[in-house]
Amino acid sequence: MTPRTLPDQAVARHGWLQALGTVLAGVLSMAVVSALGLWAAGATDLPDGAFPRVVTATVVTAVGGTLKLTGNAGSLADTKAGLTVIPLSVTLTGALTTAAGFLRPLRHRAVASAAELAGWAARVAVLWLLALIGLALGARQKFSISLGTGTLGDIGDLLGASPEVGFEADVAQTVLFGLLWLAGVLVLALLVSPGAPLPARALRFHASVRPAAFAVVALLLTYVALGVVLALVTAATRGNATQTLALILLGMPNLVWLALTIGLGATWNGRVDGPFGLPMPHLLDEVLRTPDISTLNLHSLAAYDGRVWWLLVMDAVLLPAAAFLMASRSPAHVRAWQHALHLAIAFALAVLMICLIGRISAHYGLSLLGIGDAGGGLSGDLFLKPEVWSAVGLAAVWGLVAGFLGALLARPVHRRGEVEIPAQPQHRT
């Protein structure tokens with residue numbers, strides 16, 4: 001019988017109880033943030049005790065799960081609905097909590113074997129899979145929609161049209177995308193955390209990947225923090241405290257990361273029609289509520305409010321600051337052009353992620369006898385999507401310039417790998 005090797009013993013230390021704590025902390029943190037945000041948004045007034053199921057559905061969408069919206073309005077009527085939106089405040093809370101739980105047993109170490117990391121991640125993934133299945137099965141509900149007491153209600157009664165709309169999670173897609181979400185969180189946690197151990201073979205990527213990943217994540221979190229502060233100040237001076245709280249707890253990253261890309265010069269296209277509204281400042285709703293598809297960028301927004309140019313200023317200040325942070329945490333042998341390349345790649349990937357998860361799409365309509373919309377404010381359409389590759393290209397250019405500038409600014413900072421050679425005393429002859 002052969003004794004256990006040191007990596008095997010390390011794997012055993014990270015057991016199922018710790019994995020369970022990590023998964024529970026991630027799910028519960030998202031559930032609490034979702035519940036508070038939905039409470040602030042007024043979702044507690046939903047009929048049939050639907051609030052817990054709506055909270056569950058919000059957690060499902062936060063980890064990349066898919067909700068199928070269903071509708072039924074009787075034999076002579078039809079309802080159609082669709083919704084695509086990720087509550088990124090909930091997503092960010094779950095990601096930070098899960099990452100912290102995953103990294104906690106690994107702290108205070110420089111190197112960990114690939115087998116140890118894989119074994120620890122597998123334990124978390126198995127329990128996360130069970131949590132995803134439970135969430136997906138619990139995220140389903142149906143609501144009845146009143147047609148009112150006017151003409152529309154009379155027609156509905158005559159034709160036997162009793163509109164119903166509901167949702168249910170797609171279990172297969174929720175499990176698939178939920179596991180991909182977890183994998184992304186765990187990998188990013190290892191890349192970003194300066195104290196997380198890496199396998200010996202991966203240490204050669206430490207100088208090129210970890211400082212850039214850390215700087216970009218710090219940049220994104222800084223935007224969220226600034227957005228929260230600005231929202232609280234706005235709520236204190238202009239009121240609407242509950243609406244502001246709902247925005248902070250459900251969609252603050254959706255807003256501030258959109259602002260980040262717009263400040264770079266990126267363009268988003270969208271439209272708002274019907275009773276829908278964006279959980280964002282009135283300016284965006286005003287720009288998008290037009291008969292045709294609207295363009296959302298610095299120029300179009302500045303036509304309504306010149307203060308939008310401050311988004312450009314913020315990017316011009318905060319991105320070089322992130323580059324300085326990256327350079328100051330990098331080994332001394334990394335050259336300025338390498339800093340520029342590292343930040344360009346990391347920032348372009350971050351903007352690509354924002355473009356993929358920040359898009360919004362919602363539609364609901366009711367028709368009678370298959371002809372048009374029944375009216376009565378029961379139809380609406382909302383979408384917001386980016387011009388992805390132009391945004392990614394702009395991010396790469398900004399990253400190159402800011403990365404080079406940050407490297408120059410960080411030159412006076414003493415960094416790892418530098419050795420100060422004391423001045424040699426001069427001997428008189």
# chains A, B, ... in the order shown; residues from 1 in each chain; ligands from 1
>>> closest_atom_pairs(of="stretch 241-334 of chain A", to="stretch 194-206 of chain A", cutoff="10 Å", atoms="only C-alpha atoms", output="CSV")
residue,atom,partner,partner_atom,distance
A:Arg329,CA,A:Pro194,CA,9.4
A:Ser330,CA,A:His206,CA,8.9
A:Pro331,CA,A:His206,CA,9.5
>>> residues_around(residues="stretch 112-129 of chain A", least_positions_apart="2", cutoff="10 Å", atoms="only C-alpha atoms", output="VMD selection string")
chain A and resid 6 to 24 26 to 27 98 101 to 103 105 to 106 109 to 110 131 to 135 174 to 176 178 to 179 182 to 183 186 to 187 190 196 to 202
>>> write_last_selection(atoms="N, CA and C atoms", output="short mmCIF file (atom, residue, chain, number, x, y, z; two decimals), in the first residue's frame")
data_model
loop_
_atom_site.label_atom_id
_atom_site.label_comp_id
_atom_site.auth_asym_id
_atom_site.auth_seq_id
_atom_site.Cartn_x
_atom_site.Cartn_y
_atom_site.Cartn_z
N LEU A 6 1.90 14.33 -1.52
CA LEU A 6 1.49 15.63 -1.00
C LEU A 6 0.32 16.24 -1.78
N PRO A 7 0.32 16.19 -3.14
CA PRO A 7 -0.85 16.71 -3.85
C PRO A 7 -2.15 15.99 -3.51
N ASP A 8 -2.07 14.65 -3.32
CA ASP A 8 -3.27 13.91 -2.98
C ASP A 8 -3.83 14.34 -1.63
N GLN A 9 -2.91 14.58 -0.68
CA GLN A 9 -3.36 15.05 0.63
C GLN A 9 -3.99 16.44 0.52
N ALA A 10 -3.42 17.28 -0.35
CA ALA A 10 -3.97 18.63 -0.53
C ALA A 10 -5.36 18.57 -1.14
N VAL A 11 -5.55 17.65 -2.09
CA VAL A 11 -6.87 17.49 -2.70
C VAL A 11 -7.89 17.07 -1.64
N ALA A 12 -7.48 16.15 -0.77
CA ALA A 12 -8.41 15.64 0.23
C ALA A 12 -8.84 16.72 1.20
N ARG A 13 -7.98 17.71 1.45
CA ARG A 13 -8.33 18.76 2.40
C ARG A 13 -9.53 19.57 1.94
N HIS A 14 -9.69 19.72 0.65
CA HIS A 14 -10.77 20.53 0.11
C HIS A 14 -11.97 19.62 -0.14
N GLY A 15 -12.71 19.34 0.93
CA GLY A 15 -13.75 18.33 0.85
C GLY A 15 -15.10 18.86 0.45
N TRP A 16 -16.08 17.95 0.57
CA TRP A 16 -17.43 18.25 0.11
C TRP A 16 -18.10 19.30 0.99
N LEU A 17 -17.78 19.33 2.25
CA LEU A 17 -18.41 20.31 3.13
C LEU A 17 -18.01 21.74 2.74
N GLN A 18 -16.73 21.92 2.42
CA GLN A 18 -16.29 23.23 1.97
C GLN A 18 -16.91 23.60 0.62
N ALA A 19 -17.03 22.62 -0.26
CA ALA A 19 -17.67 22.86 -1.56
C ALA A 19 -19.13 23.25 -1.39
N LEU A 20 -19.80 22.55 -0.46
CA LEU A 20 -21.20 22.88 -0.19
C LEU A 20 -21.33 24.30 0.33
N GLY A 21 -20.43 24.70 1.21
CA GLY A 21 -20.46 26.08 1.71
C GLY A 21 -20.26 27.10 0.60
N THR A 22 -19.37 26.79 -0.34
CA THR A 22 -19.13 27.70 -1.46
C THR A 22 -20.37 27.86 -2.33
N VAL A 23 -21.02 26.73 -2.66
CA VAL A 23 -22.21 26.77 -3.52
C VAL A 23 -23.36 27.46 -2.80
N LEU A 24 -23.58 27.12 -1.54
CA LEU A 24 -24.68 27.74 -0.80
C LEU A 24 -24.48 29.25 -0.67
N GLY A 26 -22.86 31.21 -2.71
CA GLY A 26 -23.12 31.84 -4.00
C GLY A 26 -24.60 31.96 -4.31
N VAL A 27 -25.35 30.85 -4.11
CA VAL A 27 -26.78 30.86 -4.43
C VAL A 27 -27.54 31.78 -3.49
N THR A 98 -18.93 33.31 -4.94
CA THR A 98 -18.47 31.97 -5.31
C THR A 98 -16.96 31.94 -5.47
N GLY A 101 -15.30 31.90 -2.05
CA GLY A 101 -15.39 30.59 -1.42
C GLY A 101 -14.46 29.58 -2.08
N PHE A 102 -14.31 29.66 -3.38
CA PHE A 102 -13.42 28.74 -4.10
C PHE A 102 -11.96 28.98 -3.75
N LEU A 103 -11.57 30.25 -3.60
CA LEU A 103 -10.17 30.58 -3.35
C LEU A 103 -9.76 30.43 -1.89
N PRO A 105 -9.79 28.06 0.48
CA PRO A 105 -8.90 26.96 0.91
C PRO A 105 -7.54 26.99 0.23
N LEU A 106 -7.38 27.79 -0.83
CA LEU A 106 -6.14 27.79 -1.59
C LEU A 106 -5.20 28.92 -1.19
N ARG A 109 -0.64 30.04 -0.43
CA ARG A 109 0.20 29.07 -1.13
C ARG A 109 0.60 29.65 -2.48
N ALA A 110 1.77 29.27 -2.97
CA ALA A 110 2.26 29.80 -4.24
C ALA A 110 1.96 28.88 -5.40
N ALA A 131 -27.67 22.34 -7.60
CA ALA A 131 -28.34 23.61 -7.32
C ALA A 131 -29.01 24.16 -8.57
N LEU A 132 -28.36 24.03 -9.71
CA LEU A 132 -28.94 24.52 -10.97
C LEU A 132 -30.23 23.78 -11.31
N ILE A 133 -30.21 22.46 -11.13
CA ILE A 133 -31.43 21.68 -11.42
C ILE A 133 -32.56 22.11 -10.51
N GLY A 134 -32.27 22.28 -9.23
CA GLY A 134 -33.31 22.73 -8.31
C GLY A 134 -33.85 24.11 -8.66
N LEU A 135 -32.97 25.04 -9.01
CA LEU A 135 -33.40 26.38 -9.39
C LEU A 135 -34.25 26.34 -10.65
N THR A 174 -30.32 25.80 -18.90
CA THR A 174 -29.90 26.39 -17.62
C THR A 174 -28.71 25.63 -17.05
N VAL A 175 -28.75 24.31 -17.11
CA VAL A 175 -27.63 23.51 -16.62
C VAL A 175 -26.38 23.76 -17.45
N LEU A 176 -26.53 23.78 -18.77
CA LEU A 176 -25.37 23.97 -19.64
C LEU A 176 -24.71 25.33 -19.41
N GLY A 178 -25.26 27.45 -16.98
CA GLY A 178 -24.89 27.64 -15.59
C GLY A 178 -23.54 27.02 -15.26
N LEU A 179 -23.24 25.85 -15.83
CA LEU A 179 -21.93 25.24 -15.63
C LEU A 179 -20.84 26.03 -16.34
N LEU A 182 -20.09 28.96 -14.15
CA LEU A 182 -19.25 28.58 -13.02
C LEU A 182 -17.80 28.40 -13.46
N ALA A 183 -17.60 27.73 -14.60
CA ALA A 183 -16.24 27.53 -15.09
C ALA A 183 -15.54 28.86 -15.34
N LEU A 186 -14.58 30.47 -11.92
CA LEU A 186 -13.44 29.83 -11.26
C LEU A 186 -12.13 30.12 -11.97
N VAL A 187 -12.13 30.05 -13.29
CA VAL A 187 -10.91 30.36 -14.05
C VAL A 187 -10.50 31.82 -13.85
N LEU A 190 -8.87 32.40 -10.48
CA LEU A 190 -7.47 32.00 -10.44
C LEU A 190 -6.57 32.99 -11.18
N ALA A 196 -3.77 33.49 -5.36
CA ALA A 196 -4.23 32.16 -5.74
C ALA A 196 -3.07 31.37 -6.34
N PRO A 197 -2.91 30.11 -5.93
CA PRO A 197 -1.82 29.31 -6.49
C PRO A 197 -2.15 28.82 -7.89
N LEU A 198 -1.11 28.58 -8.68
CA LEU A 198 -1.25 28.07 -10.03
C LEU A 198 -0.39 26.82 -10.17
N PRO A 199 -0.73 25.93 -11.11
CA PRO A 199 0.18 24.81 -11.40
C PRO A 199 1.53 25.33 -11.86
N ALA A 200 2.56 24.56 -11.60
CA ALA A 200 3.93 24.99 -11.91
C ALA A 200 4.08 25.33 -13.39
N ARG A 201 3.43 24.55 -14.26
CA ARG A 201 3.57 24.80 -15.70
C ARG A 201 2.89 26.09 -16.13
N ALA A 202 1.93 26.57 -15.35
CA ALA A 202 1.21 27.79 -15.72
C ALA A 202 1.86 29.05 -15.17
#
>>> select_by_dssp(residues="stretch 149-235 of chain A", states="helix (DSSP H, G or I)", output="PyMOL selection string")
chain A and resi 151-159+171-192+200-235
>>> select_by_dssp(residues="stretch 171-278 of chain A", states="strand (DSSP E)", output="PyMOL selection string")
chain A and resi 268-273
>>> residues_around(residues="A:Trp309", least_positions_apart="4", cutoff="7 Å", atoms="only C-alpha atoms", output="compact mmCIF listing (two decimals) with all heavy atoms, in the first residue's frame")
# COMPACT_ATOMS: atom_id res chain seq x y z
N LEU A 298 -22.05 58.49 -28.29
CA LEU A 298 -21.73 59.79 -27.70
C LEU A 298 -22.43 60.93 -28.42
O LEU A 298 -22.98 61.84 -27.80
CB LEU A 298 -20.22 60.01 -27.71
CG LEU A 298 -19.41 59.29 -26.62
CD1 LEU A 298 -17.93 59.46 -26.87
CD2 LEU A 298 -19.79 59.81 -25.23
N ALA A 302 -25.33 63.16 -26.79
CA ALA A 302 -24.93 64.55 -26.53
C ALA A 302 -25.92 65.53 -27.13
O ALA A 302 -26.03 66.67 -26.65
CB ALA A 302 -23.54 64.81 -27.09
N VAL A 313 -14.39 61.41 -20.78
CA VAL A 313 -13.38 61.86 -19.82
C VAL A 313 -13.11 60.75 -18.79
O VAL A 313 -11.94 60.48 -18.43
CB VAL A 313 -13.84 63.15 -19.12
CG1 VAL A 313 -12.84 63.57 -18.04
CG2 VAL A 313 -14.01 64.27 -20.15
>>> closest_residue(among="A:Leu137, A:Leu288, A:Met353, A:Ala340", to="A:Val401", atoms="only C-alpha atoms")
A:Ala340
>>> atom_distance(atom1="atom CA of A:Leu311", atom2="atom CA of A:Thr267")
13.5 Å
>>> closest_residue(among="A:Thr56, A:Thr290, A:Thr261, A:Gln243", to="A:Leu220", atoms="only C-alpha atoms")
A:Thr261
>>> closest_residue(among="A:Leu325, A:Leu349, A:Leu318, A:Ile360", to="A:Leu88", atoms="only C-alpha atoms")
A:Ile360
>>> residues_around(residues="A:Ala259", least_positions_apart="5", cutoff="10 Å", atoms="only C-alpha atoms", output="list in words")
Tyr223, Gly227, Pro253, Asn254, Leu264, Gly265, Ala266, Asn297, Leu298, Val308, Leu311, Leu312, Met314 and Asp315 of chain A
>>> write_last_selection(atoms="N, CA and C atoms", output="PDB file, in the first residue's frame")
ATOM      1  N   TYR A 223     -16.132  51.062 -11.946  1.00  0.00           N
ATOM      2  CA  TYR A 223     -17.294  51.660 -12.603  1.00  0.00           C
ATOM      3  C   TYR A 223     -18.576  51.333 -11.838  1.00  0.00           C
ATOM      4  N   GLY A 227     -20.972  54.049 -10.043  1.00  0.00           N
ATOM      5  CA  GLY A 227     -22.389  54.079 -10.382  1.00  0.00           C
ATOM      6  C   GLY A 227     -23.277  54.009  -9.164  1.00  0.00           C
ATOM      7  N   PRO A 253     -24.514  47.119 -13.035  1.00  0.00           N
ATOM      8  CA  PRO A 253     -23.494  46.861 -14.055  1.00  0.00           C
ATOM      9  C   PRO A 253     -24.028  46.985 -15.485  1.00  0.00           C
ATOM     10  N   ASN A 254     -25.306  46.629 -15.698  1.00  0.00           N
ATOM     11  CA  ASN A 254     -25.888  46.805 -17.030  1.00  0.00           C
ATOM     12  C   ASN A 254     -25.756  48.244 -17.490  1.00  0.00           C
ATOM     13  N   LEU A 264     -16.045  54.871 -24.862  1.00  0.00           N
ATOM     14  CA  LEU A 264     -14.982  54.482 -25.787  1.00  0.00           C
ATOM     15  C   LEU A 264     -15.281  54.896 -27.218  1.00  0.00           C
ATOM     16  N   GLY A 265     -16.559  55.208 -27.507  1.00  0.00           N
ATOM     17  CA  GLY A 265     -16.978  55.519 -28.864  1.00  0.00           C
ATOM     18  C   GLY A 265     -17.820  54.435 -29.495  1.00  0.00           C
ATOM     19  N   ALA A 266     -18.168  53.404 -28.735  1.00  0.00           N
ATOM     20  CA  ALA A 266     -18.966  52.300 -29.270  1.00  0.00           C
ATOM     21  C   ALA A 266     -20.407  52.749 -29.524  1.00  0.00           C
ATOM     22  N   ASN A 297     -24.959  56.463 -29.059  1.00  0.00           N
ATOM     23  CA  ASN A 297     -23.520  56.685 -28.931  1.00  0.00           C
ATOM     24  C   ASN A 297     -23.292  58.078 -28.362  1.00  0.00           C
ATOM     25  N   LEU A 298     -22.048  58.493 -28.292  1.00  0.00           N
ATOM     26  CA  LEU A 298     -21.734  59.786 -27.701  1.00  0.00           C
ATOM     27  C   LEU A 298     -22.434  60.930 -28.425  1.00  0.00           C
ATOM     28  N   VAL A 308     -23.021  64.070 -21.393  1.00  0.00           N
ATOM     29  CA  VAL A 308     -22.622  62.723 -21.799  1.00  0.00           C
ATOM     30  C   VAL A 308     -21.133  62.668 -22.139  1.00  0.00           C
ATOM     31  N   LEU A 311     -18.506  60.872 -20.064  1.00  0.00           N
ATOM     32  CA  LEU A 311     -18.192  59.445 -20.189  1.00  0.00           C
ATOM     33  C   LEU A 311     -16.845  59.249 -20.870  1.00  0.00           C
ATOM     34  N   LEU A 312     -16.577  60.064 -21.872  1.00  0.00           N
ATOM     35  CA  LEU A 312     -15.274  60.014 -22.549  1.00  0.00           C
ATOM     36  C   LEU A 312     -14.153  60.388 -21.586  1.00  0.00           C
ATOM     37  N   MET A 314     -14.163  60.113 -18.311  1.00  0.00           N
ATOM     38  CA  MET A 314     -13.985  59.039 -17.326  1.00  0.00           C
ATOM     39  C   MET A 314     -13.152  57.901 -17.888  1.00  0.00           C
ATOM     40  N   ASP A 315     -13.433  57.494 -19.119  1.00  0.00           N
ATOM     41  CA  ASP A 315     -12.632  56.436 -19.740  1.00  0.00           C
ATOM     42  C   ASP A 315     -11.182  56.868 -19.901  1.00  0.00           C
TER      43      ASP A 315
END
>>> residues_around(residues="A:Leu28", least_positions_apart="5", cutoff="10 Å", atoms="only C-alpha atoms", output="MDAnalysis selection string")
chainID A and resid 23 33:34 59 94 97
>>> atom_distance(atom1="atom CA of A:Ala218", atom2="atom CA of A:Glu387")
24.7 Å
